[in-house]
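Please read the structure below before turning to the comments.
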Amino acid sequence: MADLVLGPLLRYVNETEATVWVETDAPCEVEVLGHRSRSFCVEGHHYAIVAVRGLEPGGTYEYEVALDGERRWPDPALDVPPSTIRTIDPDGRLEIAFGSCRVAVPHVPPYTLTKDEDPEHGREIDALYALARRMRSTPRSKWPLVLLNIGDQVYVDEDAPQTRAFIRSRRDVSRPPGEEVLDFEEYTRLYWESWGEPEIRWLLSTISTAMIFDDHDVHDDWNTSQAWVAKMRAQDWWEKRITSALMSYWVYQHIGNLAPDELERDQLFERVRTADDAGPLLREFAAKADHSVNGSRWSYRRDLGRTRVVVFDSREGRVLDGPKRKIVDDREWEWIEEQASGDFDHLLLVDTLPILLSPGLHQIEAWNERVCAGAWGRALRAPGERIRRALDLEHWAAFNDSFERMERLITEVGSGRRGHPPATIVALGGDVHHAYLAEVAFRRGAGIRSAVYQAVCSPFRNALDRHERAVVRFGSRWPGPLLTRALARSAGVAAPALRWRLTQPPTFDNQFATLELDGRHARLRIEKILPGEWRNPRIDVSLERVLA
């Protein structure tokens, strides 16, 4: 008799449809609200994604999961509320929670300490765990409708003690990559540990989730530069890691981002569903994906009523050689431009990497790109590359050609050259392990009719230590930006066309953000998790701002 291993995860939701993803321990037929799907197999593991159609806009549906006709969710051993599908009301209020960077560690002490208190185990209280605990005691009307997980859903190289124990039990960790995740089997354990805790499992079963990867889903500093790629491809274990990373991402994250009609048209998904074991098929796909630049294969769009959400891949589709580095390739950029065009009330540009860093950090990254290109002489190009990798200088500012394209796109959308100007254009980001809101201004005469912001929220659970926080503060406070601007100009960096400022100092706690959209009005709230009793986490608002 089949049983659930992981899930259910509520993934795609629109006005009348939803998808529910599960992992099971045997082949079976999965049923949700009368809709059924057969499981498919990948290297001995079994998965299914059930498309639920015919729902009412703005509806609320409690659901169960049956495997071969036998109810397997909710699990009577777990004390969790009923899992719920809530569809989009096209004229209703919309709450979107977002954030990034969540390591898998237990919720009990010493994992509730800070990194400064316990460098080995300190991760403080999980922001998603705190959100789930709060939702238990609040009405559904107060819950977020969508949760954007924008990077580092799993960490191949940090914590996850059960996964590390499993790795030690099956191979020699004195050889590279040590206790880091290596193959598909180890990835399945990492996802199970990251998403299997009861509170998190319930949360993911009852809020629609959209996801995109970042470097720790694969490897720290993934695709920072061509030198980084060459070094990693020379490692005898790297090919197994990267193919396993991409095939597991496809299974656990990517297919849930797609609408039911998109899944039906997806030729790879059809081949996977009908294969006896799709492992070789996905392994071949992942190997080709790693060696071909086409980031748009991972990017996607969701329309939530009058809000357009464009999620794009700035990791796997980079152009790292040639005269101009690009954070997204030309094919993906054309796709982004197409999706950002049209008539909607709000446009969300979602990338794990912030488009707008704090001004001081932006100038450092722009300076470094110019040094790597030879602005300070050929002899300093190699040291510039080493600095790039050592300091993680890999955001949009470090790919100036792409940054300038994004500046032009935002200006065109905000001025009405690509459709009726939305009330807000908000870039959502994560990755940097701190949170902030940046307000964007334009040069006189630009004709901008949209309010434009960069909102960043990170981490869910992996806060910076005291030294790391000091570095970030230097980039956002005087005289840091003044000094880095002078450094950038010395390398020939032109002033950006956009101007922006942080609305308040960045925050560093484990935290989550919520964007509230109602008609053409918008409000952002960032909430941090306070130290204290992990069974009943305390949440405090660190930023609340009306955007439009």
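For the structure tokens, the naming scheme is as follows: chains receive sequential letters (A, B, ...) according to their order of presentation, residues are indexed from 1 within each chain, and ligands are indexed from 1 in presentation order.
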
Skipping near chain neighbours, those fewer than 2 positions away, what residues fall within 8 Å of Ser194 (chain A) using only C-alpha atoms, listed as number ranges by chain? A: 103-105, 153-154, 160, 190-192, 196-197

Output as a PyMOL selection string all residues of region 295-445 of chain A that backbone DSSP marks as alpha helix (DSSP H). chain A and resi 330-339+359-372+381-390+400-414

Given the selection you just returned, output its residues as a file containing N, CA and C atoms, formatted as a compact mmCIF listing (two decimals), in the first residue's frame.
```txt
# COMPACT_ATOMS: atom_id res chain seq x y z
N ASP A 330 20.43 36.39 -24.34
CA ASP A 330 19.56 37.20 -25.20
C ASP A 330 18.17 36.59 -25.37
N ARG A 331 18.11 35.28 -25.45
CA ARG A 331 16.82 34.62 -25.62
C ARG A 331 15.93 34.85 -24.40
N GLU A 332 16.52 34.72 -23.21
CA GLU A 332 15.73 34.96 -22.01
C GLU A 332 15.35 36.43 -21.89
N TRP A 333 16.27 37.31 -22.28
CA TRP A 333 15.94 38.73 -22.18
C TRP A 333 14.76 39.09 -23.07
N GLU A 334 14.69 38.53 -24.26
CA GLU A 334 13.53 38.77 -25.13
C GLU A 334 12.26 38.27 -24.47
N TRP A 335 12.36 37.13 -23.80
CA TRP A 335 11.21 36.59 -23.09
C TRP A 335 10.78 37.52 -21.97
N ILE A 336 11.73 38.05 -21.20
CA ILE A 336 11.40 38.97 -20.10
C ILE A 336 10.71 40.21 -20.63
N GLU A 337 11.23 40.78 -21.71
CA GLU A 337 10.61 41.96 -22.30
C GLU A 337 9.17 41.68 -22.73
N GLU A 338 8.95 40.53 -23.32
CA GLU A 338 7.61 40.17 -23.77
C GLU A 338 6.65 40.05 -22.59
N GLN A 339 7.09 39.39 -21.51
CA GLN A 339 6.21 39.18 -20.36
C GLN A 339 5.94 40.49 -19.60
N PRO A 359 23.37 51.32 -2.61
CA PRO A 359 24.23 52.06 -3.55
C PRO A 359 25.72 51.74 -3.42
N GLY A 360 26.24 51.62 -2.19
CA GLY A 360 27.66 51.34 -2.03
C GLY A 360 28.06 49.98 -2.58
N LEU A 361 27.26 48.95 -2.33
CA LEU A 361 27.56 47.61 -2.85
C LEU A 361 27.41 47.57 -4.36
N HIS A 362 26.45 48.32 -4.90
CA HIS A 362 26.29 48.38 -6.36
C HIS A 362 27.57 48.91 -7.01
N GLN A 363 28.13 49.97 -6.46
CA GLN A 363 29.32 50.58 -7.05
C GLN A 363 30.52 49.65 -6.98
N ILE A 364 30.65 48.89 -5.89
CA ILE A 364 31.76 47.94 -5.77
C ILE A 364 31.67 46.88 -6.87
N GLU A 365 30.47 46.36 -7.10
CA GLU A 365 30.32 45.31 -8.11
C GLU A 365 30.55 45.87 -9.51
N ALA A 366 30.05 47.08 -9.78
CA ALA A 366 30.27 47.69 -11.09
C ALA A 366 31.76 47.97 -11.31
N TRP A 367 32.45 48.43 -10.27
CA TRP A 367 33.90 48.66 -10.36
C TRP A 367 34.62 47.36 -10.68
N ASN A 368 34.26 46.29 -9.98
CA ASN A 368 34.96 45.03 -10.18
C ASN A 368 34.80 44.50 -11.60
N GLU A 369 33.60 44.64 -12.17
CA GLU A 369 33.42 44.17 -13.55
C GLU A 369 34.36 44.91 -14.50
N ARG A 370 34.51 46.21 -14.31
CA ARG A 370 35.40 46.99 -15.17
C ARG A 370 36.86 46.57 -14.98
N VAL A 371 37.26 46.30 -13.74
CA VAL A 371 38.64 45.86 -13.49
C VAL A 371 38.87 44.50 -14.16
N CYS A 372 37.91 43.60 -14.06
CA CYS A 372 38.04 42.28 -14.70
C CYS A 372 38.12 42.41 -16.22
N ARG A 381 43.56 42.08 -14.18
CA ARG A 381 42.34 41.35 -14.53
C ARG A 381 42.19 40.07 -13.69
N ALA A 382 43.26 39.30 -13.57
CA ALA A 382 43.19 38.05 -12.80
C ALA A 382 42.92 38.32 -11.32
N PRO A 383 43.62 39.28 -10.67
CA PRO A 383 43.25 39.60 -9.29
C PRO A 383 41.80 40.07 -9.17
N GLY A 384 41.31 40.81 -10.18
CA GLY A 384 39.92 41.23 -10.16
C GLY A 384 38.96 40.06 -10.15
N GLU A 385 39.28 39.02 -10.94
CA GLU A 385 38.44 37.81 -10.96
C GLU A 385 38.46 37.11 -9.60
N ARG A 386 39.63 37.08 -8.97
CA ARG A 386 39.71 36.44 -7.65
C ARG A 386 38.88 37.22 -6.63
N ILE A 387 38.91 38.56 -6.71
CA ILE A 387 38.10 39.37 -5.81
C ILE A 387 36.62 39.14 -6.08
N ARG A 388 36.27 39.03 -7.34
CA ARG A 388 34.87 38.78 -7.72
C ARG A 388 34.33 37.53 -7.05
N ARG A 389 35.13 36.46 -7.09
CA ARG A 389 34.68 35.20 -6.51
C ARG A 389 34.74 35.22 -4.99
N ALA A 390 35.78 35.84 -4.42
CA ALA A 390 35.94 35.85 -2.97
C ALA A 390 34.84 36.65 -2.27
N ASN A 400 26.96 44.78 -16.25
CA ASN A 400 26.45 46.11 -16.57
C ASN A 400 25.59 46.12 -17.83
N ASP A 401 25.92 45.31 -18.83
CA ASP A 401 25.10 45.29 -20.04
C ASP A 401 23.67 44.89 -19.70
N SER A 402 23.51 43.86 -18.86
CA SER A 402 22.17 43.42 -18.46
C SER A 402 21.49 44.46 -17.58
N PHE A 403 22.26 45.09 -16.69
CA PHE A 403 21.68 46.10 -15.81
C PHE A 403 21.13 47.27 -16.63
N GLU A 404 21.86 47.71 -17.64
CA GLU A 404 21.37 48.81 -18.47
C GLU A 404 20.13 48.42 -19.24
N ARG A 405 20.06 47.16 -19.69
CA ARG A 405 18.84 46.68 -20.35
C ARG A 405 17.64 46.76 -19.40
N MET A 406 17.87 46.35 -18.15
CA MET A 406 16.78 46.39 -17.18
C MET A 406 16.36 47.81 -16.87
N GLU A 407 17.32 48.73 -16.78
CA GLU A 407 16.97 50.14 -16.60
C GLU A 407 16.04 50.62 -17.71
N ARG A 408 16.38 50.29 -18.95
CA ARG A 408 15.56 50.73 -20.08
C ARG A 408 14.17 50.09 -20.04
N LEU A 409 14.11 48.81 -19.70
CA LEU A 409 12.82 48.13 -19.66
C LEU A 409 11.91 48.75 -18.60
N ILE A 410 12.43 48.97 -17.41
CA ILE A 410 11.61 49.57 -16.34
C ILE A 410 11.13 50.95 -16.76
N THR A 411 11.99 51.72 -17.40
CA THR A 411 11.60 53.06 -17.87
C THR A 411 10.50 52.96 -18.92
N GLU A 412 10.63 52.02 -19.85
CA GLU A 412 9.61 51.86 -20.90
C GLU A 412 8.26 51.43 -20.32
N VAL A 413 8.29 50.50 -19.38
CA VAL A 413 7.04 50.04 -18.78
C VAL A 413 6.41 51.16 -17.96
N GLY A 414 7.21 51.84 -17.14
CA GLY A 414 6.68 52.88 -16.27
C GLY A 414 6.19 54.11 -17.01
```

Sorted by chain and rising residue number, list the residues of region 100-201 of chain A at most 12 Å from region 43-67 of chain A (counting only C-alpha atoms), each with its closest atom pair and distance in Å to one decimal, as CSV.
```
residue,atom,partner,partner_atom,distance
A:Arg140,CA,A:Thr60,CA,9.2
A:Ser141,CA,A:Thr60,CA,10.2
A:Leu145,CA,A:Gly58,CA,10.5
A:Asp183,CA,A:Glu43,CA,11.0
A:Phe184,CA,A:Glu43,CA,8.2
A:Glu185,CA,A:Glu43,CA,8.1
A:Glu186,CA,A:Glu43,CA,11.8
A:Tyr187,CA,A:His45,CA,11.5
A:Thr188,CA,A:His45,CA,8.5
A:Arg189,CA,A:His45,CA,11.1
```

Given the selection you just returned, output its residues as a file containing N, CA, C and O atoms, formatted as a PDB file, in the first residue's frame.
```pdb
ATOM      1  N   ARG A 140      -8.380  32.469   7.793  1.00  0.00           N
ATOM      2  CA  ARG A 140      -7.816  32.267   6.458  1.00  0.00           C
ATOM      3  C   ARG A 140      -7.746  33.559   5.648  1.00  0.00           C
ATOM      4  O   ARG A 140      -6.880  33.707   4.783  1.00  0.00           O
ATOM      5  N   SER A 141      -8.653  34.471   5.898  1.00  0.00           N
ATOM      6  CA  SER A 141      -8.657  35.735   5.151  1.00  0.00           C
ATOM      7  C   SER A 141      -7.392  36.539   5.402  1.00  0.00           C
ATOM      8  O   SER A 141      -7.062  37.447   4.635  1.00  0.00           O
ATOM      9  N   LEU A 145      -1.884  34.401   0.016  1.00  0.00           N
ATOM     10  CA  LEU A 145      -2.391  33.513  -1.027  1.00  0.00           C
ATOM     11  C   LEU A 145      -1.263  32.796  -1.747  1.00  0.00           C
ATOM     12  O   LEU A 145      -1.431  31.680  -2.232  1.00  0.00           O
ATOM     13  N   ASP A 183      24.723  13.421  -5.348  1.00  0.00           N
ATOM     14  CA  ASP A 183      23.930  12.794  -6.406  1.00  0.00           C
ATOM     15  C   ASP A 183      22.436  12.937  -6.128  1.00  0.00           C
ATOM     16  O   ASP A 183      22.016  13.523  -5.128  1.00  0.00           O
ATOM     17  N   PHE A 184      21.632  12.385  -7.033  1.00  0.00           N
ATOM     18  CA  PHE A 184      20.189  12.540  -6.944  1.00  0.00           C
ATOM     19  C   PHE A 184      19.646  11.948  -5.650  1.00  0.00           C
ATOM     20  O   PHE A 184      18.760  12.531  -5.003  1.00  0.00           O
ATOM     21  N   GLU A 185      20.158  10.790  -5.246  1.00  0.00           N
ATOM     22  CA  GLU A 185      19.676  10.150  -4.025  1.00  0.00           C
ATOM     23  C   GLU A 185      19.891  11.052  -2.816  1.00  0.00           C
ATOM     24  O   GLU A 185      19.010  11.170  -1.949  1.00  0.00           O
ATOM     25  N   GLU A 186      21.032  11.713  -2.758  1.00  0.00           N
ATOM     26  CA  GLU A 186      21.296  12.607  -1.634  1.00  0.00           C
ATOM     27  C   GLU A 186      20.427  13.856  -1.706  1.00  0.00           C
ATOM     28  O   GLU A 186      20.007  14.399  -0.676  1.00  0.00           O
ATOM     29  N   TYR A 187      20.129  14.325  -2.920  1.00  0.00           N
ATOM     30  CA  TYR A 187      19.200  15.452  -3.057  1.00  0.00           C
ATOM     31  C   TYR A 187      17.819  15.094  -2.535  1.00  0.00           C
ATOM     32  O   TYR A 187      17.144  15.922  -1.900  1.00  0.00           O
ATOM     33  N   THR A 188      17.355  13.868  -2.789  1.00  0.00           N
ATOM     34  CA  THR A 188      16.028  13.494  -2.292  1.00  0.00           C
ATOM     35  C   THR A 188      15.987  13.564  -0.773  1.00  0.00           C
ATOM     36  O   THR A 188      14.971  13.967  -0.190  1.00  0.00           O
ATOM     37  N   ARG A 189      17.069  13.171  -0.109  1.00  0.00           N
ATOM     38  CA  ARG A 189      17.131  13.271   1.354  1.00  0.00           C
ATOM     39  C   ARG A 189      17.135  14.723   1.799  1.00  0.00           C
ATOM     40  O   ARG A 189      16.524  15.074   2.811  1.00  0.00           O
TER      41      ARG A 189
END
```

Could you give me the residues within region 301-531 of chain A that DSSP places in strand (DSSP E or B), as a PyMOL selection string? chain A and resi 301-304+307-311+319+326+346-350+417+419+424-429+435-441+451-456+461+499-502+507+511-518+521-530

Give me the residues near Glu527 (chain A) as a PyMOL selection string, where near means some atom within 10 Å (using only C-alpha atoms) and where sequence neighbours in that chain fewer than 6 positions away do not count. chain A and resi 127+131+435+457+507+509-514+539-544

Would you save the residues from that selection as a tab-separated table (two decimals), in the first residue's frame, using C-alpha atoms?
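again.tsv written:
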```tsv
chain	number	residue	atom	x	y	z
A	127	ALA	CA	10.74	32.51	9.62
A	131	LEU	CA	4.61	32.15	9.76
A	435	ALA	CA	16.17	42.95	3.88
A	457	CYS	CA	13.84	39.88	1.88
A	507	THR	CA	17.49	44.46	8.68
A	509	ASP	CA	17.10	38.85	11.20
A	510	ASN	CA	15.38	35.72	9.98
A	511	GLN	CA	12.40	37.35	8.28
A	512	PHE	CA	9.68	37.23	5.66
A	513	ALA	CA	7.99	39.95	3.64
A	514	THR	CA	4.40	40.40	2.47
A	539	ILE	CA	7.07	38.29	15.14
A	540	ASP	CA	7.76	42.02	14.90
A	541	VAL	CA	7.18	44.41	12.00
A	542	SER	CA	10.49	46.00	10.98
A	543	LEU	CA	9.17	47.88	7.93
A	544	GLU	CA	5.70	48.85	6.72
```

Set the distance at 6 Å and use only C-alpha atoms: which residues neighbour region 439-446 of chain A once local chain neighbours fewer than 5 positions away are removed? I'd like the list as a compact mmCIF listing (two decimals) with N, CA, C and O atoms, in the first residue's frame.
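Saved result, part-v7.txt, follows:
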```txt
# COMPACT_ATOMS: atom_id res chain seq x y z
N VAL A 452 8.09 52.87 -8.51
CA VAL A 452 9.07 51.80 -8.76
C VAL A 452 9.90 51.56 -7.50
O VAL A 452 10.41 52.52 -6.90
N TYR A 453 10.03 50.27 -7.14
CA TYR A 453 10.76 49.90 -5.94
C TYR A 453 11.56 48.62 -6.17
O TYR A 453 11.23 47.82 -7.04
N LEU A 498 19.04 55.07 -13.44
CA LEU A 498 18.13 55.09 -12.30
C LEU A 498 18.86 55.62 -11.08
O LEU A 498 20.05 55.45 -10.92
N ARG A 499 18.10 56.24 -10.20
CA ARG A 499 18.62 56.64 -8.90
C ARG A 499 17.73 56.01 -7.83
O ARG A 499 16.51 55.95 -7.99
N TRP A 500 18.34 55.54 -6.78
CA TRP A 500 17.54 54.90 -5.73
C TRP A 500 18.18 55.12 -4.37
O TRP A 500 19.37 55.37 -4.25
N ARG A 501 17.34 55.00 -3.36
CA ARG A 501 17.80 55.15 -1.97
C ARG A 501 17.06 54.14 -1.11
O ARG A 501 15.89 53.81 -1.38
```
